[in-house]
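**Student:** Structure: start30.tsv, TSV, C-alpha atoms.
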```tsv
chain	number	residue	atom	x	y	z
A	1089	MET	CA	-32.98	1.85	12.45
A	1090	GLU	CA	-30.78	4.76	13.47
A	1091	HIS	CA	-28.31	2.38	15.12
A	1092	GLU	CA	-28.19	0.31	11.97
A	1093	ARG	CA	-27.59	3.34	9.74
A	1094	THR	CA	-24.75	4.40	12.02
A	1095	LEU	CA	-23.24	0.91	11.86
A	1096	GLN	CA	-23.46	0.79	8.06
A	1097	ALA	CA	-21.72	4.16	7.78
A	1098	LEU	CA	-18.89	2.97	10.01
A	1099	ILE	CA	-18.52	-0.28	8.07
A	1100	GLN	CA	-18.23	1.67	4.82
A	1101	ALA	CA	-15.36	3.66	6.34
A	1102	VAL	CA	-13.18	0.56	6.80
A	1103	SER	CA	-10.31	0.73	4.32
A	1104	PRO	CA	-8.15	-2.06	2.84
A	1105	PRO	CA	-4.78	-2.89	4.43
A	1106	GLU	CA	-1.81	-0.80	3.33
A	1107	GLU	CA	0.37	-3.09	1.27
A	1108	ALA	CA	3.30	-0.67	1.13
A	1109	ALA	CA	3.68	-0.87	4.91
A	1110	ARG	CA	3.44	-4.66	4.78
A	1111	GLN	CA	6.22	-4.81	2.19
A	1112	ALA	CA	8.39	-2.42	4.21
A	1113	ALA	CA	8.01	-4.67	7.25
A	1114	ARG	CA	8.87	-7.75	5.20
A	1115	GLN	CA	11.98	-6.08	3.80
A	1116	ARG	CA	13.04	-5.21	7.33
A	1117	TRP	CA	12.65	-8.83	8.40
A	1118	ASN	CA	14.68	-9.93	5.39
A	1119	ARG	CA	17.59	-7.68	6.38
A	1120	ILE	CA	17.90	-9.30	9.82
A	1121	ALA	CA	20.70	-11.84	10.11
A	1122	LYS	CA	18.70	-15.06	10.28
A	1123	PRO	CA	17.18	-17.47	7.78
A	1124	ILE	CA	14.46	-15.77	5.73
A	1125	GLY	CA	11.02	-16.30	7.27
A	1126	SER	CA	12.43	-18.33	10.14
A	1127	LEU	CA	10.15	-16.78	12.76
A	1128	GLY	CA	7.22	-18.05	10.75
A	1129	LEU	CA	3.79	-16.78	11.80
A	1130	LEU	CA	5.37	-14.24	14.15
A	1131	GLU	CA	6.90	-12.49	11.15
A	1132	ARG	CA	3.61	-12.59	9.28
A	1133	ALA	CA	1.82	-11.15	12.31
A	1134	VAL	CA	4.17	-8.16	12.46
A	1135	GLU	CA	3.77	-7.61	8.72
A	1136	ASN	CA	-0.01	-7.77	9.01
A	1137	ILE	CA	0.02	-5.30	11.90
A	1138	ALA	CA	2.11	-2.95	9.78
A	1139	ALA	CA	-0.44	-3.24	6.96
A	1140	LEU	CA	-3.26	-2.53	9.41
A	1141	THR	CA	-1.65	0.51	11.01
A	1142	GLY	CA	0.05	1.79	7.86
A	1143	GLU	CA	3.37	1.99	9.74
A	1144	SER	CA	6.33	-0.39	9.53
A	1145	GLU	CA	7.48	0.92	12.94
A	1146	VAL	CA	5.24	-1.45	14.88
A	1147	ASP	CA	4.56	-0.56	18.52
A	1148	LEU	CA	2.53	-2.85	20.79
A	1149	THR	CA	3.71	-1.45	24.11
A	1150	GLU	CA	0.26	-0.49	25.42
A	1151	LYS	CA	-2.07	-3.49	25.59
A	1152	ALA	CA	-5.55	-4.19	26.95
A	1153	VAL	CA	-7.87	-7.15	27.12
A	1154	MET	CA	-11.53	-6.18	26.91
A	1155	ILE	CA	-13.66	-8.76	28.70
A	1156	LEU	CA	-17.25	-8.35	27.58
A	1157	CYS	CA	-19.61	-9.71	30.21
A	1158	ALA	CA	-23.28	-10.60	29.72
A	1159	ASP	CA	-25.82	-13.22	30.69
A	1160	ASN	CA	-27.72	-15.51	28.36
A	1161	GLY	CA	-31.33	-16.48	28.96
A	1162	VAL	CA	-30.80	-19.87	27.35
A	1163	THR	CA	-29.09	-21.03	30.56
A	1164	ALA	CA	-32.65	-21.73	31.77
A	1165	GLN	CA	-32.47	-24.86	29.62
A	1166	GLY	CA	-29.66	-26.37	31.70
A	1167	VAL	CA	-26.99	-25.96	29.02
A	1168	ALA	CA	-24.22	-25.01	31.47
A	1169	GLN	CA	-22.87	-26.42	34.71
A	1170	ALA	CA	-23.18	-23.04	36.46
A	1171	ASP	CA	-26.11	-20.66	36.67
A	1172	SER	CA	-26.08	-17.01	35.60
A	1173	SER	CA	-25.07	-15.76	39.05
A	1174	VAL	CA	-21.50	-16.83	38.25
A	1175	THR	CA	-21.19	-14.15	35.55
A	1176	ALA	CA	-21.60	-11.39	38.14
A	1177	ILE	CA	-19.20	-13.09	40.54
A	1178	ALA	CA	-16.57	-13.41	37.79
A	1179	ALA	CA	-17.00	-9.76	36.76
A	1180	ARG	CA	-16.28	-8.63	40.31
A	1181	GLU	CA	-13.24	-10.89	40.53
A	1182	LEU	CA	-11.98	-9.53	37.20
A	1183	ALA	CA	-12.27	-5.99	38.54
A	1184	GLN	CA	-10.25	-7.00	41.60
A	1185	GLY	CA	-7.52	-8.63	39.51
A	1186	ARG	CA	-8.03	-12.13	40.88
A	1187	THR	CA	-9.00	-14.26	37.87
A	1188	ALA	CA	-6.79	-16.34	35.57
A	1189	VAL	CA	-6.58	-13.68	32.86
A	1190	CYS	CA	-5.65	-11.03	35.43
A	1191	ARG	CA	-2.65	-13.03	36.61
A	1192	MET	CA	-1.57	-13.73	33.02
A	1193	ALA	CA	-2.11	-10.11	31.99
A	1194	ARG	CA	0.21	-8.89	34.72
A	1195	ILE	CA	3.01	-10.97	33.22
A	1196	ALA	CA	2.14	-9.74	29.71
A	1197	GLY	CA	2.00	-6.06	30.69
A	1198	CYS	CA	-1.65	-5.86	29.69
A	1199	ARG	CA	-4.54	-3.93	31.21
A	1200	VAL	CA	-7.71	-5.85	32.08
A	1201	VAL	CA	-10.97	-4.06	31.31
A	1202	PRO	CA	-14.16	-5.91	32.31
A	1203	VAL	CA	-17.25	-4.46	30.65
A	1204	ASP	CA	-20.87	-5.04	31.68
A	1205	LEU	CA	-23.04	-5.31	28.56
A	1206	GLY	CA	-25.87	-7.11	30.31
A	1207	ILE	CA	-25.01	-9.07	33.43
A	1208	ARG	CA	-28.30	-10.16	34.96
A	1209	ASP	CA	-29.37	-8.02	37.94
A	1210	PHE	CA	-25.87	-6.54	38.25
A	1211	PRO	CA	-25.83	-3.39	40.39
A	1212	GLY	CA	-22.41	-2.32	39.17
A	1213	PHE	CA	-19.00	-2.67	40.78
A	1214	PRO	CA	-15.90	-0.45	40.91
A	1215	GLY	CA	-13.63	-1.36	38.01
A	1216	VAL	CA	-16.39	-2.86	35.85
A	1217	LEU	CA	-17.14	-0.54	32.94
A	1218	ASP	CA	-20.91	0.06	32.67
A	1219	ARG	CA	-22.11	-0.31	29.09
A	1220	ARG	CA	-25.36	-2.12	29.87
A	1221	ILE	CA	-27.76	-2.62	26.99
A	1222	ARG	CA	-30.31	-4.87	28.68
A	1223	ASN	CA	-30.59	-7.16	31.70
A	1224	GLY	CA	-29.28	-10.28	30.00
A	1225	THR	CA	-30.93	-11.88	26.99
A	1226	GLU	CA	-34.05	-14.02	26.67
A	1227	ASP	CA	-34.19	-17.80	26.38
A	1228	PHE	CA	-33.91	-18.28	22.62
A	1229	THR	CA	-35.91	-21.51	22.69
A	1230	LEU	CA	-38.95	-19.33	23.41
A	1231	GLY	CA	-38.23	-16.48	20.99
A	1232	PRO	CA	-35.43	-14.10	19.96
A	1233	ALA	CA	-32.61	-13.57	22.45
A	1234	MET	CA	-33.01	-9.80	21.96
A	1235	ASP	CA	-34.35	-7.41	19.38
A	1236	ARG	CA	-32.35	-6.35	16.34
A	1237	ASP	CA	-31.77	-2.82	17.60
A	1238	GLN	CA	-30.24	-4.11	20.84
A	1239	ALA	CA	-27.91	-6.45	18.94
A	1240	THR	CA	-26.86	-3.54	16.73
A	1241	GLU	CA	-26.31	-1.35	19.79
A	1242	ALA	CA	-24.05	-4.04	21.25
A	1243	VAL	CA	-21.99	-4.10	18.04
A	1244	LEU	CA	-21.71	-0.31	18.14
A	1245	THR	CA	-20.66	-0.50	21.79
A	1246	GLY	CA	-17.77	-2.78	20.80
A	1247	ILE	CA	-16.72	-0.30	18.12
A	1248	ARG	CA	-16.82	2.56	20.63
A	1249	LEU	CA	-14.71	0.56	23.09
A	1250	ALA	CA	-12.06	0.18	20.40
A	1251	GLU	CA	-12.26	3.89	19.61
A	1252	ALA	CA	-11.82	4.80	23.29
A	1253	ALA	CA	-8.88	2.40	23.58
A	1254	SER	CA	-7.24	4.04	20.57
A	1255	LYS	CA	-7.62	7.48	22.14
A	1256	ARG	CA	-5.95	6.16	25.31
A	1257	GLY	CA	-2.95	4.98	23.31
A	1258	ILE	CA	-3.72	1.25	23.35
A	1259	ARG	CA	-1.90	-0.45	20.48
A	1260	LEU	CA	-3.00	-4.06	20.96
A	1261	LEU	CA	-6.40	-5.35	22.06
A	1262	ALA	CA	-7.61	-8.78	23.05
A	1263	ALA	CA	-11.26	-9.81	22.79
A	1264	GLY	CA	-12.31	-11.68	25.92
A	1265	GLU	CA	-15.70	-12.66	27.29
A	1266	MET	CA	-17.46	-13.81	30.41
A	1267	GLY	CA	-21.02	-15.07	30.28
A	1268	ILE	CA	-22.45	-18.36	31.45
A	1269	GLY	CA	-24.05	-20.10	28.48
A	1270	ASN	CA	-22.08	-18.33	25.79
A	1271	THR	CA	-20.65	-21.46	24.20
A	1272	THR	CA	-24.31	-22.35	23.52
A	1273	THR	CA	-25.01	-19.02	21.86
A	1274	ALA	CA	-21.72	-19.19	19.97
A	1275	SER	CA	-22.54	-22.70	18.71
A	1276	ALA	CA	-25.98	-21.53	17.58
A	1277	VAL	CA	-24.52	-18.54	15.70
A	1278	VAL	CA	-21.80	-20.64	14.07
A	1279	SER	CA	-24.24	-23.40	13.15
A	1280	VAL	CA	-26.36	-20.88	11.25
A	1281	LEU	CA	-23.55	-18.87	9.62
A	1282	LEU	CA	-21.57	-21.93	8.51
A	1283	ASP	CA	-24.67	-23.96	7.63
A	1284	LEU	CA	-23.59	-26.86	9.80
A	1285	PRO	CA	-25.71	-29.03	12.12
A	1286	PRO	CA	-25.49	-28.08	15.81
A	1287	GLU	CA	-23.78	-31.35	16.72
A	1288	ALA	CA	-20.87	-30.47	14.40
A	1289	VAL	CA	-20.05	-27.22	16.20
A	1290	THR	CA	-21.09	-27.86	19.80
A	1291	GLY	CA	-18.81	-29.01	22.59
A	1292	ARG	CA	-18.97	-29.57	26.33
A	1293	GLY	CA	-18.13	-25.96	27.21
A	1294	ALA	CA	-17.01	-25.82	30.84
A	1295	GLY	CA	-17.35	-29.59	31.17
A	1296	LEU	CA	-20.83	-30.93	30.50
A	1297	SER	CA	-21.57	-34.65	30.75
A	1298	ARG	CA	-22.62	-36.60	27.66
A	1299	GLN	CA	-26.23	-36.12	28.71
A	1300	GLY	CA	-25.64	-32.42	29.20
A	1301	LEU	CA	-24.04	-32.12	25.78
A	1302	ASP	CA	-27.04	-33.83	24.17
A	1303	ARG	CA	-29.35	-31.38	25.95
A	1304	LYS	CA	-27.22	-28.46	24.75
A	1305	ILE	CA	-27.34	-29.64	21.13
A	1306	GLN	CA	-31.09	-30.14	21.29
A	1307	THR	CA	-31.55	-26.69	22.81
A	1308	ILE	CA	-29.58	-25.10	19.96
A	1309	ARG	CA	-31.61	-27.05	17.42
A	1310	GLU	CA	-34.85	-25.85	19.01
A	1311	GLY	CA	-33.66	-22.25	19.11
A	1312	ILE	CA	-32.74	-22.23	15.43
A	1313	GLN	CA	-36.03	-23.87	14.46
A	1314	LYS	CA	-38.04	-21.47	16.61
A	1315	ASN	CA	-36.39	-18.28	15.35
A	1316	ALA	CA	-35.31	-19.14	11.78
A	1317	PRO	CA	-32.35	-16.73	11.74
A	1318	ASP	CA	-31.24	-15.56	8.31
A	1319	PRO	CA	-27.67	-16.82	7.59
A	1320	GLY	CA	-27.18	-13.93	5.17
A	1321	ASP	CA	-27.83	-11.37	7.91
A	1322	PRO	CA	-25.39	-11.52	10.85
A	1323	LEU	CA	-27.40	-8.99	12.88
A	1324	ASP	CA	-30.48	-11.17	12.54
A	1325	VAL	CA	-28.49	-14.20	13.70
A	1326	LEU	CA	-26.97	-12.35	16.66
A	1327	SER	CA	-30.32	-10.97	17.76
A	1328	LYS	CA	-32.19	-14.25	17.51
A	1329	VAL	CA	-29.74	-16.86	18.84
A	1330	GLY	CA	-26.66	-14.87	19.89
A	1331	GLY	CA	-25.63	-12.89	22.93
A	1332	LEU	CA	-24.62	-9.39	23.92
A	1333	ASP	CA	-21.01	-10.46	24.48
A	1334	LEU	CA	-20.77	-12.00	21.00
A	1335	ALA	CA	-22.22	-8.86	19.42
A	1336	GLY	CA	-19.88	-6.67	21.45
A	1337	MET	CA	-16.85	-8.66	20.35
A	1338	CYS	CA	-18.05	-8.41	16.75
A	1339	GLY	CA	-17.96	-4.66	17.21
A	1340	LEU	CA	-14.53	-4.76	18.83
A	1341	TYR	CA	-13.07	-6.31	15.65
A	1342	LEU	CA	-14.87	-3.78	13.47
A	1343	GLY	CA	-13.51	-1.03	15.70
A	1344	GLY	CA	-10.01	-2.46	15.40
A	1345	ALA	CA	-10.29	-2.21	11.63
A	1346	LEU	CA	-11.63	1.36	11.82
A	1347	TYR	CA	-9.12	2.66	14.34
A	1348	ARG	CA	-6.16	0.54	13.17
A	1349	ILE	CA	-5.69	-1.52	16.31
A	1350	PRO	CA	-4.92	-5.26	16.00
A	1351	VAL	CA	-7.40	-7.36	17.97
A	1352	LEU	CA	-6.43	-10.81	19.18
A	1353	MET	CA	-9.18	-13.41	19.13
A	1354	ASP	CA	-9.35	-15.68	22.12
A	1355	GLY	CA	-11.32	-18.92	21.92
A	1356	PHE	CA	-14.62	-20.15	20.56
A	1357	PRO	CA	-17.06	-17.34	21.52
A	1358	SER	CA	-14.45	-14.75	20.57
A	1359	ALA	CA	-13.97	-16.39	17.17
A	1360	ALA	CA	-17.74	-16.56	16.66
A	1361	GLY	CA	-17.80	-12.79	17.15
A	1362	ALA	CA	-15.02	-12.46	14.57
A	1363	LEU	CA	-17.00	-14.54	12.08
A	1364	CYS	CA	-19.93	-12.13	12.49
A	1365	ALA	CA	-17.61	-9.14	11.98
A	1366	LEU	CA	-16.19	-10.54	8.76
A	1367	ARG	CA	-19.65	-11.40	7.45
A	1368	LEU	CA	-20.67	-7.78	8.09
A	1369	CYS	CA	-17.43	-6.35	6.70
A	1370	PRO	CA	-14.87	-8.64	5.02
A	1371	GLN	CA	-12.26	-5.84	5.19
A	1372	ALA	CA	-12.39	-6.11	8.99
A	1373	GLY	CA	-10.29	-9.25	8.69
A	1374	LYS	CA	-7.20	-7.05	8.56
A	1375	ALA	CA	-7.63	-6.32	12.29
A	1376	VAL	CA	-8.32	-9.91	13.40
A	1377	PHE	CA	-5.43	-12.02	14.70
A	1378	ALA	CA	-5.79	-15.61	15.89
A	1379	SER	CA	-4.08	-16.31	19.19
A	1380	HIS	CA	-4.80	-20.02	19.52
A	1381	VAL	CA	-7.11	-22.76	18.35
A	1382	SER	CA	-9.86	-23.56	20.81
A	1383	ALA	CA	-10.31	-27.10	22.07
A	1384	GLU	CA	-14.03	-26.77	21.28
A	1385	PRO	CA	-15.11	-28.85	18.23
A	1386	ALA	CA	-15.61	-25.77	16.03
A	1387	GLY	CA	-12.20	-24.31	16.88
A	1388	ASN	CA	-10.48	-25.27	13.63
A	1389	LEU	CA	-13.66	-24.88	11.58
A	1390	LEU	CA	-13.93	-21.25	12.62
A	1391	LEU	CA	-10.29	-20.46	11.90
A	1392	ASP	CA	-10.65	-21.98	8.45
A	1393	ALA	CA	-13.85	-20.01	7.84
A	1394	ILE	CA	-12.19	-16.68	8.61
A	1395	GLY	CA	-8.83	-17.58	7.06
A	1396	LYS	CA	-6.66	-17.26	10.15
A	1397	ARG	CA	-3.81	-19.37	11.52
A	1398	PRO	CA	-3.21	-19.60	15.29
A	1399	LEU	CA	0.05	-18.74	17.00
A	1400	LEU	CA	-0.59	-21.33	19.73
A	1401	THR	CA	-2.05	-24.81	19.75
A	1402	ALA	CA	-2.27	-25.64	23.42
A	1403	GLY	CA	-5.73	-27.12	23.96
A	1404	LEU	CA	-6.92	-23.97	25.74
A	1405	ARG	CA	-10.61	-23.46	26.59
A	1406	LEU	CA	-10.67	-21.23	29.65
A	1407	GLY	CA	-12.07	-18.04	28.12
A	1408	GLU	CA	-11.73	-14.56	29.66
A	1409	GLY	CA	-9.23	-13.70	26.92
A	1410	THR	CA	-6.56	-15.97	28.43
A	1411	GLY	CA	-5.45	-17.46	25.12
A	1412	ALA	CA	-5.14	-14.03	23.53
A	1413	VAL	CA	-3.13	-12.67	26.45
A	1414	ALA	CA	-0.89	-15.75	26.34
A	1415	VAL	CA	0.45	-14.81	22.90
A	1416	MET	CA	1.24	-11.19	23.78
A	1417	PRO	CA	4.75	-12.03	25.09
A	1418	LEU	CA	5.40	-13.94	21.84
A	1419	LEU	CA	4.61	-10.80	19.87
A	1420	ASP	CA	6.83	-8.74	22.18
A	1421	MET	CA	9.69	-11.16	21.59
A	1422	ALA	CA	9.15	-11.04	17.83
A	1423	LEU	CA	9.25	-7.24	17.94
A	1424	ALA	CA	12.47	-7.32	19.96
A	1425	VAL	CA	14.07	-9.23	17.09
A	1426	TYR	CA	12.40	-7.01	14.48
A	1427	ARG	CA	13.69	-3.81	16.07
A	1428	GLU	CA	16.97	-4.76	17.69
A	1429	ALA	CA	18.62	-7.80	16.10
A	1430	TYR	CA	21.71	-7.20	13.99
A	1431	THR	CA	21.42	-7.25	10.22
A	1432	PHE	CA	23.38	-9.02	7.51
A	1433	ALA	CA	25.03	-5.67	6.74
A	1434	ASP	CA	25.99	-5.17	10.42
A	1435	GLY	CA	27.73	-8.53	10.47
A	1436	GLY	CA	29.31	-8.28	7.06
A	1437	ILE	CA	27.37	-11.37	5.97
A	1438	PRO	CA	25.99	-11.81	2.45
A	1439	ALA	CA	22.20	-11.42	2.66
A	1440	TYR	CA	20.03	-14.48	2.13
A	1441	ALA	CA	17.77	-14.35	-0.89
A	1442	PRO	CA	14.03	-14.15	-0.10
A	1443	GLU	CA	12.23	-17.47	-0.50
A	1444	ASP	CA	10.20	-16.22	-3.44
A	1445	ALA	CA	13.24	-14.90	-5.35
A	1446	PRO	CA	13.91	-16.53	-8.75
```
Write the structure described by the file as structure tokens, please.
**Tutor:**
Amino acid sequence: MEHERTLQALIQAVSPPEEAARQAARQRWNRIAKPIGSLGLLERAVENIAALTGESEVDLTEKAVMILCADNGVTAQGVAQADSSVTAIAARELAQGRTAVCRMARIAGCRVVPVDLGIRDFPGFPGVLDRRIRNGTEDFTLGPAMDRDQATEAVLTGIRLAEAASKRGIRLLAAGEMGIGNTTTASAVVSVLLDLPPEAVTGRGAGLSRQGLDRKIQTIREGIQKNAPDPGDPLDVLSKVGGLDLAGMCGLYLGGALYRIPVLMDGFPSAAGALCALRLCPQAGKAVFASHVSAEPAGNLLLDAIGKRPLLTAGLRLGEGTGAVAVMPLLDMALAVYREAYTFADGGIPAYAPEDAP
């Protein structure tokens, strides 16, 4: 209960976005010598970041992708092509800078921070941040994935990761994940929270066959029936059919809202964590930014549910935070225009009227 009281106190400290900073950023865009609003969602993203931080001087120079790693007991049901040993292998490769997101992050000028929340039988590895809560979760077809206190602790861990990033000067975070079976847990969580049947929100993940997909859907159905998670209680849902990585990402978004750091969602599991964060604290939406729309069936459903529009639509479904890192250079380019492009006044050009002017 102490963890939950701490979480509730932090949630209550989340403030609304600062509209004056948003308007200042919009006015700055409107002074730049180009058609009003012509950079579309990139302009809105900069304005929303200004509202989050309370500063129209937006700085995203220091970036990090937090890759929350954990194993899921439900893999015992054959819902993934790989077994749980792959999570540990991937965590080590992340620490050594050899995975897809590591190569992309180097181009984007972004730090890669793998975090162990519960990799099964993981002895630790240099470069993998140790924030273990338990040794993976249980098979949710047999009972809850974890207890409520552990799910809450995972959320708090995500918040603390955001706090630590803020203290290190990080100005843009990406929420990544690595955990075999986590599209199954994400589908289960989304099915409950959006009150949709499992088949409407479940995809092939890393490439299941039709038979494998049917088994995955049935497994999710059994887990929900067995545990009866309460759709009005995100912590109950996370503890019963979720995962440590999903709960940690939920906390990362809440931490972004608390410590005024924009957090880029990645794909389906990352968006499922964002849905949990907004159900716990609707004001946390100010810190959540959609990088892309996942190729998983629930990709668009989730974005609609949390009211976000993606900067990319590229059919991505790799995970690790790759989609989020992919949009970082777009934001850097937008900020180059925002800060450095000449204005109507500089060029002696009559300013365009804003689109909403009479």
**Student:** Of the candidates A:Gly1142, A:Pro1123, A:Gly1197, A:Gly1267, which shows the shortest atom-to-atom distance to Glu1107 (chain A), using all atoms listed in the file?
**Tutor:** A:Gly1142
**Student:** Which residues are close to Pro1319 (chain A), i.e. within 7 Å by only C-alpha atoms, leaving aside same-chain residues fewer than 2 positions away? Reply as a PyMOL selection string.
**Tutor:** chain A and resi 1280-1281+1317+1321-1322+1325
**Student:** By how many Å are CA of Lys1374 (chain A) and CA of Ala1429 (chain A) apart?
**Tutor:**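 One can read the CA of Lys1374 (chain A) to CA of Ala1429 (chain A) distance as 26.9 Å.
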**Student:** Within 8 Å of region 1405-1410 of chain A, which residues of region 1095-1190 of chain A show up? Give each one with its shortest atom-to-atom distance in Å (one decimal) and the two atoms involved, counting only C-alpha atoms, rows by chain then rising residue number, as JSON lines.
**Tutor:**
```
{"residue": "A:Val1153", "atom": "CA", "partner": "A:Gly1409", "partner_atom": "CA", "distance": 6.7}
{"residue": "A:Met1154", "atom": "CA", "partner": "A:Gly1409", "partner_atom": "CA", "distance": 7.9}
{"residue": "A:Ile1155", "atom": "CA", "partner": "A:Glu1408", "partner_atom": "CA", "distance": 6.2}
{"residue": "A:Ala1188", "atom": "CA", "partner": "A:Thr1410", "partner_atom": "CA", "distance": 7.2}
{"residue": "A:Val1189", "atom": "CA", "partner": "A:Thr1410", "partner_atom": "CA", "distance": 5.0}
```
**Student:** Can you work out which one of A:Ser1173, A:Asn1136, A:Asn1315, A:Thr1245 has the shortest atom-to-atom distance to Gly1373 (chain A), counting only C-alpha atoms?
**Tutor:**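 Of the candidates, the smallest distance to Gly1373 (chain A) is held by A:Asn1136.
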**Student:** Find the distance between CA of Ile1268 (chain A) and CA of Ala1170 (chain A) and write it in Å to one decimal.
**Tutor:**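 Between these atoms lies a distance of 6.9 Å.
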**Student:** Have a look at CA of Asp1434 (chain A) and CA of Val1146 (chain A) and let me know their distance in Å, one decimal.
**Tutor:**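 The value is 21.5 Å.
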**Student:** Measuring atom to atom with all atoms listed in the file, identify which of A:Ala1378, A:Met1337, A:Ala1183, A:Leu1249 is nearest to Pro1398 (chain A).
**Tutor:** A:Ala1378
**Student:** Within 7 Å of (-27.5, -17.9, 17.8), in the coordinates the file gives, what residues turn up when you count only C-alpha atoms, written out as a PDB file with C-alpha atoms, in the coordinates of the input?
**Tutor:**
```pdb
ATOM      1  CA  THR A1273     -25.010 -19.020  21.860  1.00  0.00           C
ATOM      2  CA  ALA A1274     -21.720 -19.190  19.970  1.00  0.00           C
ATOM      3  CA  SER A1275     -22.540 -22.700  18.710  1.00  0.00           C
ATOM      4  CA  ALA A1276     -25.980 -21.530  17.580  1.00  0.00           C
ATOM      5  CA  VAL A1277     -24.520 -18.540  15.700  1.00  0.00           C
ATOM      6  CA  VAL A1325     -28.490 -14.200  13.700  1.00  0.00           C
ATOM      7  CA  LEU A1326     -26.970 -12.350  16.660  1.00  0.00           C
ATOM      8  CA  LYS A1328     -32.190 -14.250  17.510  1.00  0.00           C
ATOM      9  CA  VAL A1329     -29.740 -16.860  18.840  1.00  0.00           C
ATOM     10  CA  GLY A1330     -26.660 -14.870  19.890  1.00  0.00           C
TER      11      GLY A1330
END
```
**Student:** When you count only C-alpha atoms, which of these residues is closest to Leu1368 (chain A): A:Ile1258, A:Leu1205, A:Ala1152, A:Leu1323?
**Tutor:**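 When distances to Leu1368 (chain A) are compared using only C-alpha atoms, the smallest one comes from A:Leu1323.
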**Student:** Using all atoms listed in the file, which residue out of A:Met1266, A:Arg1292, A:Glu1145, A:Arg1199 lies closest to Glu1181 (chain A)?
**Tutor:**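 Smallest distance to Glu1181 (chain A) is found for A:Met1266.
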**Student:** Excluding same-chain residues fewer than 3 positions from Ser1358 (chain A), what lies within 9 Å of it counting all atoms listed in the file, as a PDB file with C-alpha atoms, keeping the file's coordinate frame?
**Tutor:**
```
ATOM      1  CA  ALA A1263     -11.260  -9.810  22.790  1.00  0.00           C
ATOM      2  CA  GLY A1264     -12.310 -11.680  25.920  1.00  0.00           C
ATOM      3  CA  GLU A1265     -15.700 -12.660  27.290  1.00  0.00           C
ATOM      4  CA  ALA A1274     -21.720 -19.190  19.970  1.00  0.00           C
ATOM      5  CA  ASP A1333     -21.010 -10.460  24.480  1.00  0.00           C
ATOM      6  CA  LEU A1334     -20.770 -12.000  21.000  1.00  0.00           C
ATOM      7  CA  MET A1337     -16.850  -8.660  20.350  1.00  0.00           C
ATOM      8  CA  CYS A1338     -18.050  -8.410  16.750  1.00  0.00           C
ATOM      9  CA  MET A1353      -9.180 -13.410  19.130  1.00  0.00           C
ATOM     10  CA  ASP A1354      -9.350 -15.680  22.120  1.00  0.00           C
ATOM     11  CA  GLY A1355     -11.320 -18.920  21.920  1.00  0.00           C
ATOM     12  CA  GLY A1361     -17.800 -12.790  17.150  1.00  0.00           C
ATOM     13  CA  ALA A1362     -15.020 -12.460  14.570  1.00  0.00           C
ATOM     14  CA  LEU A1363     -17.000 -14.540  12.080  1.00  0.00           C
ATOM     15  CA  GLY A1407     -12.070 -18.040  28.120  1.00  0.00           C
ATOM     16  CA  GLY A1409      -9.230 -13.700  26.920  1.00  0.00           C
TER      17      GLY A1409
END
```
**Student:** Return the single residue from A:Ala1168, A:Ile1120, A:Leu1342, A:Ala1109 that is closest to Gln1096 (chain A), with distances computed using only C-alpha atoms.
**Tutor:**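 The answer is A:Leu1342, which sits nearest to Gln1096 (chain A).
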**Student:** So that I can check the surroundings of Val1351 (chain A), please list as a PyMOL selection string every protein, DNA and RNA residue that reaches within 8 Å of it, counting all atoms listed in the file and ignoring chain neighbours fewer than 5 positions away.
**Tutor:** chain A and resi 1260-1263+1340-1341+1344+1375-1377
**Student:** Enumerate, as a ChimeraX atom specification, the protein, DNA and RNA residues whose atoms approach (-18.2, -23.4, 9.2) to within 7 Å, taking into account only C-alpha atoms and the coordinate frame of the file.
**Tutor:** /A:1278,1282-1284,1389-1390,1393
**Student:** Store the residues picked out above in a file with C-alpha atoms, as a PDB file, keeping the file's coordinate frame.
**Tutor:**
```pdb
ATOM      1  CA  VAL A1278     -21.800 -20.640  14.070  1.00  0.00           C
ATOM      2  CA  LEU A1282     -21.570 -21.930   8.510  1.00  0.00           C
ATOM      3  CA  ASP A1283     -24.670 -23.960   7.630  1.00  0.00           C
ATOM      4  CA  LEU A1284     -23.590 -26.860   9.800  1.00  0.00           C
ATOM      5  CA  LEU A1389     -13.660 -24.880  11.580  1.00  0.00           C
ATOM      6  CA  LEU A1390     -13.930 -21.250  12.620  1.00  0.00           C
ATOM      7  CA  ALA A1393     -13.850 -20.010   7.840  1.00  0.00           C
TER       8      ALA A1393
END
```
